[in-house]
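Data first, discussion second: the structure below is written as structure tokens.
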Protein chains: 2
Amino acid sequence: MARIKRIATASAPVNIAVVKYWGKKDTKLILPTNDSLSVTLDQDHLRSLTSSAAVEVEEEEEQGESASASAAAAAAAASKDRLWLNGVEEEIGSEGRLRTCIDELRNARRKVEGEDGGVEKIAHLPLHIVSENNFPTAAGLASSASGFAALVWSISSLYQLNSDSGGHLSTSALSRVARQGSGSACRSLFGGFVAWQGGEAKDGSDSLALQVAEREHWKDLHAIICVISDAKKGTPSTAGMQRTVQTSAALQSRISHVVPERMQRITSAIKQRDFDAFAKETMRDSNNFHATCLDTSPPIFYLNDTSRLVIQLVEELNRSSEQAGAGAGAIAAYTFDAGPNAVLYAPEKNVPLVLSLIRHYFPNADFDDPFKLLPSLPRDGLSSADLPSTFNKSVIPVSEAGAVRRLIHTRVGDGPRILGAGSSSTDDDTHLIGQDALPIRLQRVKRV
Amino acid sequence: MARIKRIATASAPVNIAVVKYWGKKDTKLILPTNDSLSVTLDQDHLRSLTSSAAVEVEEEEEQGESASASAAAAAAAASKDRLWLNGVEEEIGSEGRLRTCIDELRNARRKVEGEDGGVEKIAHLPLHIVSENNFPTAAGLASSASGFAALVWSISSLYQLNSDSGGHLSTSALSRVARQGSGSACRSLFGGFVAWQGGEAKDGSDSLALQVAEREHWKDLHAIICVISDAKKGTPSTAGMQRTVQTSAALQSRISHVVPERMQRITSAIKQRDFDAFAKETMRDSNNFHATCLDTSPPIFYLNDTSRLVIQLVEELNRSSEQAGAGAGAIAAYTFDAGPNAVLYAPEKNVPLVLSLIRHYFPNADFDDPFKLLPSLPRDGLSSADLPSTFNKSVIPVSEAGAVRRLIHTRVGDGPRILGAGSSSTDDDTHLIGQDALPIRLQRVKRV
């Protein structure tokens, strides 16, 4: 019989980069070839939820007790660590990214326990970890960023390492750990607008996330995720990005000056809440990133014909708005990660127009505004009254039904949250692990 | 009544670049931002045919005679120049690229007439020019390169300027004139493998075509043009390339080292008839070029989903061949100009396999081997016996019928030809202009 000695549960948000991460200079430490910058999305909408528990396995308690101070005990515990991901138990293994993250946090706890005799001894206990995303894989969102962020936040809360739990590790320090799980996970440790500073140090000590601006600074920024149908599975990003590093000349200019200059300009656009400048940098960076993919040998394609149509639609919308003058500027920005799905950013006031346009040109997209961000669903059909006068309605054809499968409307959000921590699981909905130290298969994880 | 004083007819081939031209540093003189290199295709198959005639218009003969030595007379003649293109009369105008080409050649003739009193005076006479392509626009081939090459070759033959006609202008010197009509036209003045040296001089004097190797050096090289259906009209290349020059960072690395290094490697591959190296450089250059298009703001797209599938198919074919070892190397190379159509290069022995593959994955492509290059049409259906053993048949899905509309099979060819020149039109099929100095609307131009 196993029982919980201590448990903590955290949630963490999804982030969508506006300056993309693509390429590692150290694949083990996950040190990127360039800085990147993202917007954290609201975890009231999309999030990963993770419970971590330090677990006593009764028959082994004596052994554990006697060896509690030793690294050998920690190693013994590690071999008993268990993980359930979206209801399915996964192998953690003795190496790999998950192991690295857990070990780093356990070692930090061991150090605290060694330095302060009064601290409860739990580092030598096996961990049971249960993680769930509330968005399906079909949403086309990378779950590794929010997943590793929630994992790191929940274990650091369990071990009382982070400053929120009275510990000594800053959020940026913890972002170094999350980075080794999945590079972009480091950016999900902050809300608002977050830079991942690539860093110079060989050991990765300065490769971490920094908050550029809080959510509250620019909470007017909304996002529309356009889930695009695609028959083909794209190149996995981990393999793809190293092929780019090895073969693309365009990546070299991206590293040496495109991104450094863009980081400055987009940081300044965010500080000034200048959507027009923010949009231009975002779109150009997405295109530059996909250009380096195409410049790879063999070439990597993530954009498909529907992606191209979304780009052309947004470009025409912005062009006609700019032409209309009066400082109108960009209405929306597109960005594409390693897949065909578009994420559109727009100030709240532009969202109804953008949604109407997408729904007009890409009929039958599933959209029910699950987060109730709109007072009412946008009308079907394009109302010319809302469009810039020179908008060219035939810029793209109306696609066949379902080319965009689904629309998810959300907005900028805050950083990870600790939902609960203590010496036992509670009867409420807080934790994903029950008193028996096993996953509660939560019907209550409400999916989008 | 007008009558012909002298007439000449020339044909010129299409060329398909393997190192692409994209971007001008001087838009008036058409000076490119980088060198380029192309393969000239067989004009027994695809060609532009142009007749040029110096025409006496009777009522004006006196005036013409008295002023024959003066620039004023040439200008007066120029205003009466006429052009028929594929059966339709087009305005030449007093400026523009067509005017530049004609003026340069007329001035060269005037100079010869001025220096040698024994030379027949025809520079002061209006020109009637009739040009036809034997390939329809629907073939998706740029007709401006072969068209301007045929125009320059026919007028220079009419004026006896080129060395073939006993004149003093080398083919490279004439390529400078063709370049000002349409940049890539300069490369259609040679057969085989042709470099367009971008040049350094501000006046464009060193921006010209040079032959890298004759057709006979590597006559085994065949080409398959895959005409791909596309609903959308792409960005015109003239406007598109300057947008790239203004906005793309990737173009700068292309100019500064990607192309210079590639020109050296592909020249050496051609000289050694090393198809594997030739194929790799060709494919990488196509991808680098389309990457700079995507890196343009707003982005320019020429490849569509079908283009991507062709790329993935050829990459898999080459990968599996390479894996098979024994120095097998690449089987085919793809390249894409400013449109969705693929041109595949392959040694003759690989053509049946490549054709079978394309016809399998892209059913119903129209193919009747009009130039009778194959002993028999390839079988329908894929024969595994011909494929590398590790070829992954599910690398791409079988497309819907007609995604590739048409296949045209041709091969490397020779440079422009003079089909006839003399003091009057003949009764045979040589010229496109009749005794009345007007176009013979040739049913006899056999179209592909």
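Chain labels A, B, ... are given in the sequence in which chains occur in the structure tokens; within each chain residues are numbered consecutively from 1, and ligands are likewise numbered from 1 in the order shown.
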Those of stretch 41-213 of chain B in DSSP strand (DSSP E), formatted as a ChimeraX atom specification: /B:47-57,82-85,88-90,127-133,193-197,208-213
Members of stretch 26-140 of chain A assigned helix (DSSP H, G or I) by DSSP, as number ranges by chain: A: 58-66, 71-78, 97-115, 137-139
Neighbour list for A:Ser207 as a ChimeraX atom specification, cut-off 6 Å, only C-alpha atoms, skip fewer than 6 positions in-chain: /A:197-199
Interface residues on chain B facing chain A, 7 Å, only C-alpha atoms, written as a VMD selection string: chain B and resid 249 to 250 253 258 284 287 to 288 291 to 292 294 to 295 297 to 298 304 to 305 315
